[in-house]
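This is target.cif. It holds mmCIF, C-alpha atoms.
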data_query
#
loop_
_atom_site.group_PDB
_atom_site.id
_atom_site.type_symbol
_atom_site.label_atom_id
_atom_site.label_comp_id
_atom_site.auth_asym_id
_atom_site.auth_seq_id
_atom_site.Cartn_x
_atom_site.Cartn_y
_atom_site.Cartn_z
ATOM 1 C CA MET A 1 16.104 -84.660 70.785
ATOM 2 C CA ASN A 2 15.541 -80.958 70.383
ATOM 3 C CA GLU A 3 12.726 -79.372 72.425
ATOM 4 C CA ASN A 4 13.038 -75.918 70.869
ATOM 5 C CA GLN A 5 9.959 -74.253 69.448
ATOM 6 C CA LYS A 6 10.043 -72.735 65.999
ATOM 7 C CA GLY A 7 10.360 -68.955 66.113
ATOM 8 C CA LYS A 8 12.031 -68.965 69.540
ATOM 9 C CA ILE A 9 15.610 -68.423 70.562
ATOM 10 C CA TYR A 10 17.132 -69.819 73.733
ATOM 11 C CA TYR A 11 19.643 -68.035 75.906
ATOM 12 C CA HIS A 12 22.067 -70.010 78.039
ATOM 13 C CA LEU A 13 22.880 -67.773 80.968
ATOM 14 C CA PRO A 14 25.940 -67.645 83.262
ATOM 15 C CA GLY A 15 26.178 -68.129 87.005
ATOM 16 C CA LEU A 16 24.106 -71.105 88.169
ATOM 17 C CA PHE A 17 25.868 -71.055 91.530
ATOM 18 C CA GLU A 18 27.692 -67.746 91.213
ATOM 19 C CA PHE A 19 24.602 -65.528 90.780
ATOM 20 C CA TYR A 20 21.915 -67.475 92.630
ATOM 21 C CA GLU A 21 20.722 -64.347 94.448
ATOM 22 C CA LEU A 22 20.286 -62.407 91.196
ATOM 23 C CA TYR A 23 18.337 -65.195 89.517
ATOM 24 C CA SER A 24 16.168 -65.716 92.587
ATOM 25 C CA VAL A 25 14.846 -62.199 91.905
ATOM 26 C CA PHE A 26 15.010 -62.185 88.106
ATOM 27 C CA LEU A 27 13.334 -65.530 87.373
ATOM 28 C CA PRO A 28 10.037 -64.757 89.146
ATOM 29 C CA LEU A 29 10.032 -61.399 87.395
ATOM 30 C CA PHE A 30 10.563 -63.135 84.046
ATOM 31 C CA GLN A 31 7.719 -65.539 84.803
ATOM 32 C CA GLU A 32 5.198 -63.118 86.311
ATOM 33 C CA HIS A 33 5.790 -60.143 83.986
ATOM 34 C CA ARG A 34 6.385 -61.821 80.661
ATOM 35 C CA GLU A 35 5.203 -58.617 78.960
ATOM 36 C CA TYR A 36 8.481 -56.972 80.043
ATOM 37 C CA PHE A 37 10.498 -59.352 77.880
ATOM 38 C CA TYR A 38 10.771 -60.194 74.201
ATOM 39 C CA ASP A 39 8.248 -62.896 73.341
ATOM 40 C CA TRP A 40 10.728 -64.559 70.979
ATOM 41 C CA CYS A 41 13.248 -65.438 73.687
ATOM 42 C CA GLU A 42 13.339 -68.091 76.399
ATOM 43 C CA ILE A 43 15.896 -69.272 78.934
ATOM 44 C CA GLY A 44 17.394 -72.491 77.635
ATOM 45 C CA SER A 45 19.637 -73.129 80.637
ATOM 46 C CA ILE A 46 21.695 -71.540 83.382
ATOM 47 C CA TYR A 47 25.243 -72.858 83.690
ATOM 48 C CA GLY A 48 28.031 -72.711 86.253
ATOM 49 C CA ALA A 49 30.057 -74.496 88.899
ATOM 50 C CA PRO A 50 30.532 -73.989 92.629
ATOM 51 C CA ALA A 51 33.786 -72.991 94.266
ATOM 52 C CA ASP A 52 36.459 -75.667 94.790
ATOM 53 C CA CYS A 53 35.186 -77.801 91.933
ATOM 54 C CA ILE A 54 38.177 -79.529 90.371
ATOM 55 C CA TRP A 55 36.302 -80.588 87.248
ATOM 56 C CA GLY A 56 35.523 -76.943 86.594
ATOM 57 C CA GLY A 57 37.096 -74.944 83.785
ATOM 58 C CA GLY A 58 36.684 -71.832 81.683
ATOM 59 C CA ARG A 59 36.514 -69.704 84.804
ATOM 60 C CA VAL A 60 37.466 -70.354 88.421
ATOM 61 C CA GLY A 61 34.131 -70.934 90.140
ATOM 62 C CA PHE A 62 33.335 -68.818 93.172
ATOM 63 C CA GLY A 63 29.686 -69.687 93.835
ATOM 64 C CA ASP A 64 29.103 -70.753 97.427
ATOM 65 C CA CYS A 65 25.342 -71.201 97.261
ATOM 66 C CA ASP A 66 23.850 -74.433 98.594
ATOM 67 C CA SER A 67 23.469 -76.888 95.730
ATOM 68 C CA GLN A 68 20.076 -78.077 96.961
ATOM 69 C CA ALA A 69 18.787 -74.492 96.852
ATOM 70 C CA VAL A 70 20.118 -74.025 93.328
ATOM 71 C CA LEU A 71 18.450 -77.221 92.127
ATOM 72 C CA LYS A 72 15.170 -76.308 93.822
ATOM 73 C CA MET A 73 15.129 -72.939 92.030
ATOM 74 C CA MET A 74 15.732 -74.562 88.652
ATOM 75 C CA GLN A 75 13.009 -77.126 89.305
ATOM 76 C CA LYS A 76 10.574 -74.391 90.314
ATOM 77 C CA TYR A 77 11.014 -72.448 87.088
ATOM 78 C CA GLY A 78 11.479 -75.450 84.784
ATOM 79 C CA ILE A 79 14.917 -74.435 83.553
ATOM 80 C CA SER A 80 17.720 -76.791 82.613
ATOM 81 C CA ALA A 81 20.716 -76.594 84.960
ATOM 82 C CA ARG A 82 24.134 -77.100 83.390
ATOM 83 C CA LEU A 83 27.174 -78.070 85.407
ATOM 84 C CA THR A 84 30.301 -76.499 83.912
ATOM 85 C CA PHE A 85 32.888 -79.284 84.057
ATOM 86 C CA SER A 86 35.174 -78.001 81.295
ATOM 87 C CA ASN A 87 38.569 -78.660 82.875
ATOM 88 C CA SER A 88 40.906 -79.646 80.036
ATOM 89 C CA LEU A 89 43.662 -81.274 82.130
ATOM 90 C CA LEU A 90 41.885 -84.014 84.040
ATOM 91 C CA LYS A 91 43.533 -87.358 84.717
ATOM 92 C CA GLU A 92 42.107 -90.708 85.773
ATOM 93 C CA GLU A 93 42.853 -89.918 89.419
ATOM 94 C CA HIS A 94 40.547 -86.898 89.329
ATOM 95 C CA LEU A 95 37.448 -88.810 88.282
ATOM 96 C CA SER A 96 36.729 -90.047 91.800
ATOM 97 C CA ASP A 97 36.451 -86.525 93.223
ATOM 98 C CA LYS A 98 33.773 -86.638 95.907
ATOM 99 C CA LYS A 99 32.315 -83.163 95.475
ATOM 100 C CA CYS A 100 31.926 -83.365 91.703
ATOM 101 C CA ASN A 101 30.376 -86.828 91.834
ATOM 102 C CA GLU A 102 27.941 -85.711 94.527
ATOM 103 C CA LEU A 103 26.856 -82.837 92.283
ATOM 104 C CA CYS A 104 26.193 -85.302 89.481
ATOM 105 C CA VAL A 105 24.143 -87.540 91.773
ATOM 106 C CA LEU A 106 22.108 -84.539 92.914
ATOM 107 C CA PHE A 107 21.410 -83.018 89.490
ATOM 108 C CA GLU A 108 20.973 -86.138 87.352
ATOM 109 C CA ASN A 109 17.308 -86.966 86.663
ATOM 110 C CA ALA A 110 16.221 -84.312 89.182
ATOM 111 C CA ASN A 111 14.424 -81.846 86.933
ATOM 112 C CA GLU A 112 11.438 -81.800 84.599
ATOM 113 C CA LYS A 113 13.792 -80.203 82.076
ATOM 114 C CA GLN A 114 16.809 -82.455 81.574
ATOM 115 C CA ASN A 115 19.978 -81.099 83.150
ATOM 116 C CA GLY A 116 23.260 -80.979 81.258
ATOM 117 C CA ILE A 117 27.007 -80.883 81.645
ATOM 118 C CA ILE A 118 29.454 -78.688 79.711
ATOM 119 C CA VAL A 119 32.579 -80.747 79.154
ATOM 120 C CA HIS A 120 36.016 -80.458 77.535
ATOM 121 C CA SER A 121 37.887 -83.620 78.504
ATOM 122 C CA ASP A 122 37.026 -86.787 76.554
ATOM 123 C CA LEU A 123 38.211 -88.768 79.568
ATOM 124 C CA LEU A 124 35.595 -87.065 81.738
ATOM 125 C CA LEU A 125 32.950 -87.315 79.021
ATOM 126 C CA GLU A 126 33.329 -91.095 78.801
ATOM 127 C CA TYR A 127 33.174 -91.381 82.593
ATOM 128 C CA LEU A 128 30.047 -89.234 82.821
ATOM 129 C CA GLN A 129 28.279 -91.042 80.004
ATOM 130 C CA ASN A 130 28.796 -94.371 81.700
ATOM 131 C CA LYS A 131 28.054 -93.334 85.266
ATOM 132 C CA TYR A 132 25.485 -90.540 84.813
ATOM 133 C CA PRO A 133 23.581 -91.210 81.573
ATOM 134 C CA GLY A 134 20.703 -88.958 82.640
ATOM 135 C CA PHE A 135 22.533 -85.802 81.535
ATOM 136 C CA TYR A 136 22.905 -84.290 78.092
ATOM 137 C CA PHE A 137 26.352 -82.997 77.140
ATOM 138 C CA VAL A 138 27.656 -79.743 75.673
ATOM 139 C CA SER A 139 31.033 -79.403 73.964
ATOM 140 C CA SER A 140 32.815 -76.507 75.652
ATOM 141 C CA THR A 141 34.065 -73.382 73.919
ATOM 142 C CA THR A 142 37.303 -73.925 75.874
ATOM 143 C CA LYS A 143 38.303 -76.322 73.088
ATOM 144 C CA VAL A 144 38.930 -73.175 71.006
ATOM 145 C CA LEU A 145 37.562 -74.589 67.762
ATOM 146 C CA THR A 146 38.682 -71.825 65.406
ATOM 147 C CA GLU A 147 38.671 -73.839 62.158
ATOM 148 C CA PHE A 148 35.305 -74.627 60.605
ATOM 149 C CA GLU A 149 36.336 -78.196 59.841
ATOM 150 C CA GLN A 150 37.116 -78.694 63.545
ATOM 151 C CA LEU A 151 33.678 -77.356 64.409
ATOM 152 C CA MET A 152 31.910 -79.686 61.993
ATOM 153 C CA ASN A 153 33.814 -82.689 63.319
ATOM 154 C CA GLU A 154 32.588 -81.781 66.792
ATOM 155 C CA VAL A 155 29.015 -81.201 65.622
ATOM 156 C CA ASN A 156 29.020 -84.660 64.053
ATOM 157 C CA ARG A 157 29.845 -86.301 67.376
ATOM 158 C CA SER A 158 26.702 -88.004 68.655
ATOM 159 C CA GLU A 159 27.718 -87.527 72.300
ATOM 160 C CA PHE A 160 26.930 -83.815 72.208
ATOM 161 C CA ARG A 161 23.540 -82.140 72.098
ATOM 162 C CA TYR A 162 25.166 -78.725 71.694
ATOM 163 C CA VAL A 163 28.559 -77.462 70.550
ATOM 164 C CA VAL A 164 29.870 -73.981 71.414
ATOM 165 C CA PRO A 165 32.272 -72.812 68.679
ATOM 166 C CA ASP A 166 35.019 -70.295 69.224
ATOM 167 C CA PHE A 167 33.564 -66.789 68.923
ATOM 168 C CA ARG A 168 35.756 -66.135 65.890
ATOM 169 C CA LEU A 169 33.513 -68.419 63.836
ATOM 170 C CA ASN A 170 30.387 -66.428 64.729
ATOM 171 C CA LYS A 171 30.358 -64.520 61.454
ATOM 172 C CA ALA A 172 31.426 -67.309 59.082
ATOM 173 C CA PHE A 173 28.052 -66.964 57.391
ATOM 174 C CA ASP A 174 29.059 -68.454 54.049
ATOM 175 C CA LYS A 175 29.787 -71.757 55.807
ATOM 176 C CA LEU A 176 27.194 -71.540 58.578
ATOM 177 C CA GLU A 177 24.322 -71.185 56.131
ATOM 178 C CA GLN A 178 25.392 -74.403 54.368
ATOM 179 C CA MET A 179 24.816 -76.495 57.491
ATOM 180 C CA THR A 180 21.805 -78.800 57.679
ATOM 181 C CA GLY A 181 18.894 -78.042 59.978
ATOM 182 C CA SER A 182 19.930 -80.695 62.502
ATOM 183 C CA GLU A 183 23.494 -79.368 62.505
ATOM 184 C CA LYS A 184 22.283 -75.816 63.123
ATOM 185 C CA GLU A 185 20.216 -77.013 66.084
ATOM 186 C CA LYS A 186 23.436 -78.157 67.781
ATOM 187 C CA ILE A 187 25.273 -74.844 67.444
ATOM 188 C CA GLU A 188 25.315 -72.541 70.483
ATOM 189 C CA PHE A 189 26.943 -69.205 69.701
ATOM 190 C CA LEU A 190 28.935 -67.308 72.334
ATOM 191 C CA CYS A 191 27.498 -63.790 71.958
ATOM 192 C CA ASN A 192 29.353 -61.314 74.138
ATOM 193 C CA GLU A 193 33.005 -62.316 74.250
ATOM 194 C CA CYS A 194 35.366 -59.433 75.021
ATOM 195 C CA CYS A 195 38.582 -61.346 74.301
ATOM 196 C CA TRP A 196 40.795 -59.857 71.605
ATOM 197 C CA PHE A 197 39.723 -61.251 68.219
ATOM 198 C CA GLY A 198 43.362 -61.835 67.271
ATOM 199 C CA CYS A 199 44.287 -63.676 70.491
ATOM 200 C CA LYS A 200 46.619 -66.665 70.007
ATOM 201 C CA ASP A 201 46.805 -67.598 73.702
ATOM 202 C CA ARG A 202 43.176 -68.424 74.476
ATOM 203 C CA LYS A 203 43.877 -72.140 74.878
ATOM 204 C CA TYR A 204 46.712 -71.454 77.338
ATOM 205 C CA CYS A 205 44.545 -69.033 79.281
ATOM 206 C CA TYR A 206 41.922 -71.766 79.749
ATOM 207 C CA GLU A 207 44.625 -74.257 80.749
ATOM 208 C CA THR A 208 45.762 -71.905 83.513
ATOM 209 C CA VAL A 209 42.207 -71.873 84.856
ATOM 210 C CA SER A 210 42.127 -75.661 84.704
ATOM 211 C CA ARG A 211 45.358 -75.868 86.712
ATOM 212 C CA LYS A 212 43.972 -73.490 89.324
ATOM 213 C CA ASN A 213 40.813 -75.549 89.696
ATOM 214 C CA LEU A 214 43.006 -78.615 90.237
ATOM 215 C CA GLY A 215 44.754 -76.760 93.034
ATOM 216 C CA GLU A 216 48.083 -76.546 91.250
ATOM 217 C CA ASP A 217 50.503 -73.770 92.109
ATOM 218 C CA CYS A 218 50.885 -72.038 88.770
ATOM 219 C CA PRO A 219 51.662 -68.507 87.589
ATOM 220 C CA GLU A 220 48.911 -66.217 86.371
ATOM 221 C CA HIS A 221 48.350 -66.141 82.636
ATOM 222 C CA GLN A 222 49.621 -62.809 81.388
ATOM 223 C CA CYS A 223 47.178 -61.581 78.777
ATOM 224 C CA ARG A 224 48.959 -59.777 75.940
ATOM 225 C CA ALA A 225 45.842 -58.402 74.274
ATOM 226 C CA PRO A 226 45.639 -54.657 73.644
ATOM 227 C CA GLU A 227 44.043 -52.798 76.583
ATOM 228 C CA SER A 228 43.671 -56.032 78.553
ATOM 229 C CA GLU A 229 44.219 -54.074 81.771
ATOM 230 C CA GLN A 230 40.712 -52.647 81.337
ATOM 231 C CA GLY A 231 39.122 -56.000 82.063
ATOM 232 C CA TYR A 232 35.690 -56.866 80.722
ATOM 233 C CA LEU A 233 33.670 -53.960 79.325
ATOM 234 C CA PHE A 234 30.325 -54.655 77.663
ATOM 235 C CA SER A 235 30.770 -51.571 75.502
ATOM 236 C CA LYS A 236 34.093 -52.996 74.324
ATOM 237 C CA ALA A 237 32.580 -56.430 73.713
ATOM 238 C CA MET A 238 30.020 -54.779 71.438
ATOM 239 C CA THR A 239 32.826 -53.612 69.139
ATOM 240 C CA ASN A 240 34.323 -57.109 68.876
ATOM 241 C CA PRO A 241 34.051 -58.499 65.317
ATOM 242 C CA GLY A 242 32.520 -61.659 66.793
ATOM 243 C CA PHE A 243 29.866 -59.868 68.870
ATOM 244 C CA ILE A 244 26.279 -61.003 68.345
ATOM 245 C CA GLY A 245 23.651 -58.406 69.229
ATOM 246 C CA ILE A 246 19.884 -58.740 69.375
ATOM 247 C CA ASP A 247 19.455 -57.304 65.877
ATOM 248 C CA ASP A 248 21.889 -59.927 64.577
ATOM 249 C CA ILE A 249 19.949 -62.665 66.349
ATOM 250 C CA ARG A 250 16.577 -61.548 64.992
ATOM 251 C CA ASN A 251 17.596 -60.538 61.474
ATOM 252 C CA ILE A 252 20.431 -62.929 60.619
ATOM 253 C CA TYR A 253 20.731 -65.980 62.852
ATOM 254 C CA MET A 254 17.052 -66.803 63.377
ATOM 255 C CA PRO A 255 16.212 -66.666 59.645
ATOM 256 C CA MET A 256 19.218 -68.926 59.006
ATOM 257 C CA GLY A 257 17.808 -71.489 61.452
ATOM 258 C CA PHE A 258 19.982 -70.965 64.553
ATOM 259 C CA SER A 259 18.298 -70.732 67.935
ATOM 260 C CA ASN A 260 20.845 -71.173 70.756
ATOM 261 C CA PHE A 261 22.978 -68.374 72.169
ATOM 262 C CA LYS A 262 25.312 -68.402 75.144
ATOM 263 C CA ILE A 263 25.959 -65.343 77.311
ATOM 264 C CA GLU A 264 29.320 -65.354 79.078
ATOM 265 C CA GLY A 265 29.948 -63.741 82.447
ATOM 266 C CA ARG A 266 30.533 -66.191 85.316
ATOM 267 C CA SER A 267 33.570 -64.253 86.529
ATOM 268 C CA LEU A 268 31.844 -60.870 86.324
ATOM 269 C CA GLY A 269 29.736 -59.029 88.892
ATOM 270 C CA SER A 270 25.978 -59.470 89.081
ATOM 271 C CA ALA A 271 25.447 -55.823 88.096
ATOM 272 C CA LEU A 272 27.005 -56.588 84.706
ATOM 273 C CA ILE A 273 24.991 -59.799 84.361
ATOM 274 C CA LEU A 274 21.891 -57.673 84.871
ATOM 275 C CA GLU A 275 22.991 -55.468 81.972
ATOM 276 C CA PHE A 276 23.190 -58.578 79.768
ATOM 277 C CA LEU A 277 19.691 -59.618 80.844
ATOM 278 C CA LEU A 278 18.383 -56.151 80.068
ATOM 279 C CA TYR A 279 20.062 -55.910 76.670
ATOM 280 C CA TYR A 280 19.347 -59.403 75.375
ATOM 281 C CA MET A 281 15.969 -60.173 76.916
ATOM 282 C CA THR A 282 14.156 -57.039 78.080
ATOM 283 C CA LYS A 283 12.070 -54.709 75.940
ATOM 284 C CA PRO A 284 13.538 -51.169 76.092
ATOM 285 C CA ASN A 285 10.305 -49.690 77.447
ATOM 286 C CA TYR A 286 10.440 -52.014 80.453
ATOM 287 C CA GLN A 287 14.135 -51.966 81.315
ATOM 288 C CA LEU A 288 13.612 -49.392 84.056
ATOM 289 C CA GLN A 289 10.928 -51.532 85.704
ATOM 290 C CA VAL A 290 13.242 -54.536 85.697
ATOM 291 C CA ARG A 291 16.123 -52.475 87.105
ATOM 292 C CA GLU A 292 13.904 -51.072 89.855
ATOM 293 C CA ALA A 293 12.542 -54.471 90.826
ATOM 294 C CA ILE A 294 16.051 -55.866 91.156
ATOM 295 C CA TYR A 295 17.847 -52.865 92.651
ATOM 296 C CA LEU A 296 15.141 -52.390 95.287
ATOM 297 C CA ASP A 297 15.423 -55.964 96.506
ATOM 298 C CA ASN A 298 17.102 -55.500 99.878
ATOM 299 C CA MET A 299 18.550 -59.002 99.872
ATOM 300 C CA LEU A 300 20.544 -58.498 96.708
ATOM 301 C CA ASP A 301 24.017 -56.956 96.652
ATOM 302 C CA LEU A 302 24.759 -56.206 93.019
ATOM 303 C CA PHE A 303 28.179 -54.780 93.690
#
This entry written out as structure tokens:
Amino acid sequence: MNENQKGKIYYHLPGLFEFYELYSVFLPLFQEHREYFYDWCEIGSIYGAPADCIWGGGRVGFGDCDSQAVLKMMQKYGISARLTFSNSLLKEEHLSDKKCNELCVLFENANEKQNGIIVHSDLLLEYLQNKYPGFYFVSSTTKVLTEFEQLMNEVNRSEFRYVVPDFRLNKAFDKLEQMTGSEKEKIEFLCNECCWFGCKDRKYCYETVSRKNLGEDCPEHQCRAPESEQGYLFSKAMTNPGFIGIDDIRNIYMPMGFSNFKIEGRSLGSALILEFLLYYMTKPNYQLQVREAIYLDNMLDLF
């Protein structure tokens, strides 16, 4: 089941549809100048959802790139595409949605590397398994699995190839190290979450996004976290108790047998996504070259 190579870690990157222009510049750079990047890291997948996608969740999708172009890019570079269908409030009536089903038809069995779907709803999961068996499935972090027993129950579900725990379990090393090798292969850690570590409303925040994607008229979720008015700051995320940096990945998680790491950022600007790519994947001595190659591309508006 697992295609990972020993001694490698795999990043799952945000913005399949949202940051198509950025990746259309970055991916050839990653392929043609592999010396710029850490030899121990690979791109495991790129995930996202287009605008007006009612099965979407986690974030309100805003990508308006042509789906055929997105798929062609992923095929060209041999990277798994993941559709983010993590809406938690779906009902039977939503399963027939034309746009979402057309995306499944397009992306199923259309890539050398198997494409996947990130899912929250068990109703949707059952539907997708029956109708589109060519995908692999990822249990979404929007389930907010904050108890280790909850996480293990999810890991033991055969439907999922990967499970993304809540970021507050990232440092539960005493329990993580007791997992079997096959269990560790299914864990995909969310590295760079900026959400307040003590947040009690994360589930409700995700439900608001789900309602918006369904087109419901609902009030904005009012975040009560300290300094929430600042929005996402990478420097702030780095101080989060659940933050996973590259030294953590190399010196703690890899030796323990973990190899999959998710970078969040679908709702952020492409300039910030570039900073993630520089920090997590690019050797310090080559970060300027990567910045120059991307900033000097006249077709790319990073701001």
Take the PyMOL selection byres ((chain A and resi 164) around 8), apply it to the structure above, and return the hits as a PyMOL selection string.
chain A and resi 138-141+162-163+165-166+187-190
Mind checking which residues fall within 12 Å of Glu292 of chain A, counting all atoms listed in the file, ignoring those fewer than 3 positions away in the same chain, and posting them as a PyMOL selection string?
chain A and resi 25-26+29+274+278+286-289+295-298
Please write the residues picked by the PyMOL selection byres ((chain A and resi 233) around 12) on this file as JSON, numbers by chain.
{"A": [192, 193, 194, 195, 227, 228, 229, 230, 231, 232, 234, 235, 236, 237, 238, 239, 240, 265, 268, 269, 272, 273, 275, 276]}
For the selection just defined, write its residues with C-alpha atoms to a file, as a short mmCIF file (atom, residue, chain, number, x, y, z; two decimals), in the coordinates of the input.
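Writing done, so here's out.cif:
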data_model
loop_
_atom_site.label_atom_id
_atom_site.label_comp_id
_atom_site.auth_asym_id
_atom_site.auth_seq_id
_atom_site.Cartn_x
_atom_site.Cartn_y
_atom_site.Cartn_z
CA ASN A 192 29.35 -61.31 74.14
CA GLU A 193 33.01 -62.32 74.25
CA CYS A 194 35.37 -59.43 75.02
CA CYS A 195 38.58 -61.35 74.30
CA GLU A 227 44.04 -52.80 76.58
CA SER A 228 43.67 -56.03 78.55
CA GLU A 229 44.22 -54.07 81.77
CA GLN A 230 40.71 -52.65 81.34
CA GLY A 231 39.12 -56.00 82.06
CA TYR A 232 35.69 -56.87 80.72
CA PHE A 234 30.32 -54.66 77.66
CA SER A 235 30.77 -51.57 75.50
CA LYS A 236 34.09 -53.00 74.32
CA ALA A 237 32.58 -56.43 73.71
CA MET A 238 30.02 -54.78 71.44
CA THR A 239 32.83 -53.61 69.14
CA ASN A 240 34.32 -57.11 68.88
CA GLY A 265 29.95 -63.74 82.45
CA LEU A 268 31.84 -60.87 86.32
CA GLY A 269 29.74 -59.03 88.89
CA LEU A 272 27.00 -56.59 84.71
CA ILE A 273 24.99 -59.80 84.36
CA GLU A 275 22.99 -55.47 81.97
CA PHE A 276 23.19 -58.58 79.77
#
Give me the segment 115-186 of chain A side of the contact with segment 39-50 of chain A, cut-off 10 Å, one line per residue showing its nearest atom pair and distance in Å at one decimal, counting all atoms listed in the file, sorted by chain and residue number, as JSON lines.
{"residue": "A:Asn115", "atom": "CA", "partner": "A:Ser45", "partner_atom": "CA", "distance": 8.4}
{"residue": "A:Gly116", "atom": "CA", "partner": "A:Ser45", "partner_atom": "CA", "distance": 8.7}
{"residue": "A:Ile117", "atom": "CA", "partner": "A:Tyr47", "partner_atom": "CA", "distance": 8.5}
{"residue": "A:Ile118", "atom": "CA", "partner": "A:Tyr47", "partner_atom": "CA", "distance": 8.2}
I need the residue nearest Ile54 of chain A from this list: A:Asn156, A:Asn213, A:Gln68, A:Ser86. Use all atoms listed in the file for the distance.
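So, comparing all the options, the nearest one is A:Asn213.
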Using the chain letters and residue numbers of this document, give as a JSON list (two decimals) with C-alpha atoms, in the frame of the given file the residues selected by the PyMOL selection byres ((chain A and resi 245) around 9).
[["chain", "number", "residue", "atom", "x", "y", "z"],
["A", 191, "CYS", "CA", 27.50, -63.79, 71.96],
["A", 192, "ASN", "CA", 29.35, -61.31, 74.14],
["A", 238, "MET", "CA", 30.02, -54.78, 71.44],
["A", 243, "PHE", "CA", 29.87, -59.87, 68.87],
["A", 244, "ILE", "CA", 26.28, -61.00, 68.34],
["A", 246, "ILE", "CA", 19.88, -58.74, 69.38],
["A", 247, "ASP", "CA", 19.45, -57.30, 65.88],
["A", 248, "ASP", "CA", 21.89, -59.93, 64.58],
["A", 249, "ILE", "CA", 19.95, -62.66, 66.35],
["A", 250, "ARG", "CA", 16.58, -61.55, 64.99],
["A", 279, "TYR", "CA", 20.06, -55.91, 76.67],
["A", 280, "TYR", "CA", 19.35, -59.40, 75.38]]
Proximity to Pro14 of chain A - best of A:Ile263, A:Leu71, A:Leu128, A:Ile252, all atoms listed in the file:
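Checking each of A:Ile263, A:Leu71, A:Leu128, A:Ile252 against Pro14 of chain A, counting all atoms listed in the file, the winner is A:Ile263.
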Quick one: pull the distance between atom CA of Asn111 of chain A and atom CA of Arg82 of chain A, Å, one decimal.
11.4 Å
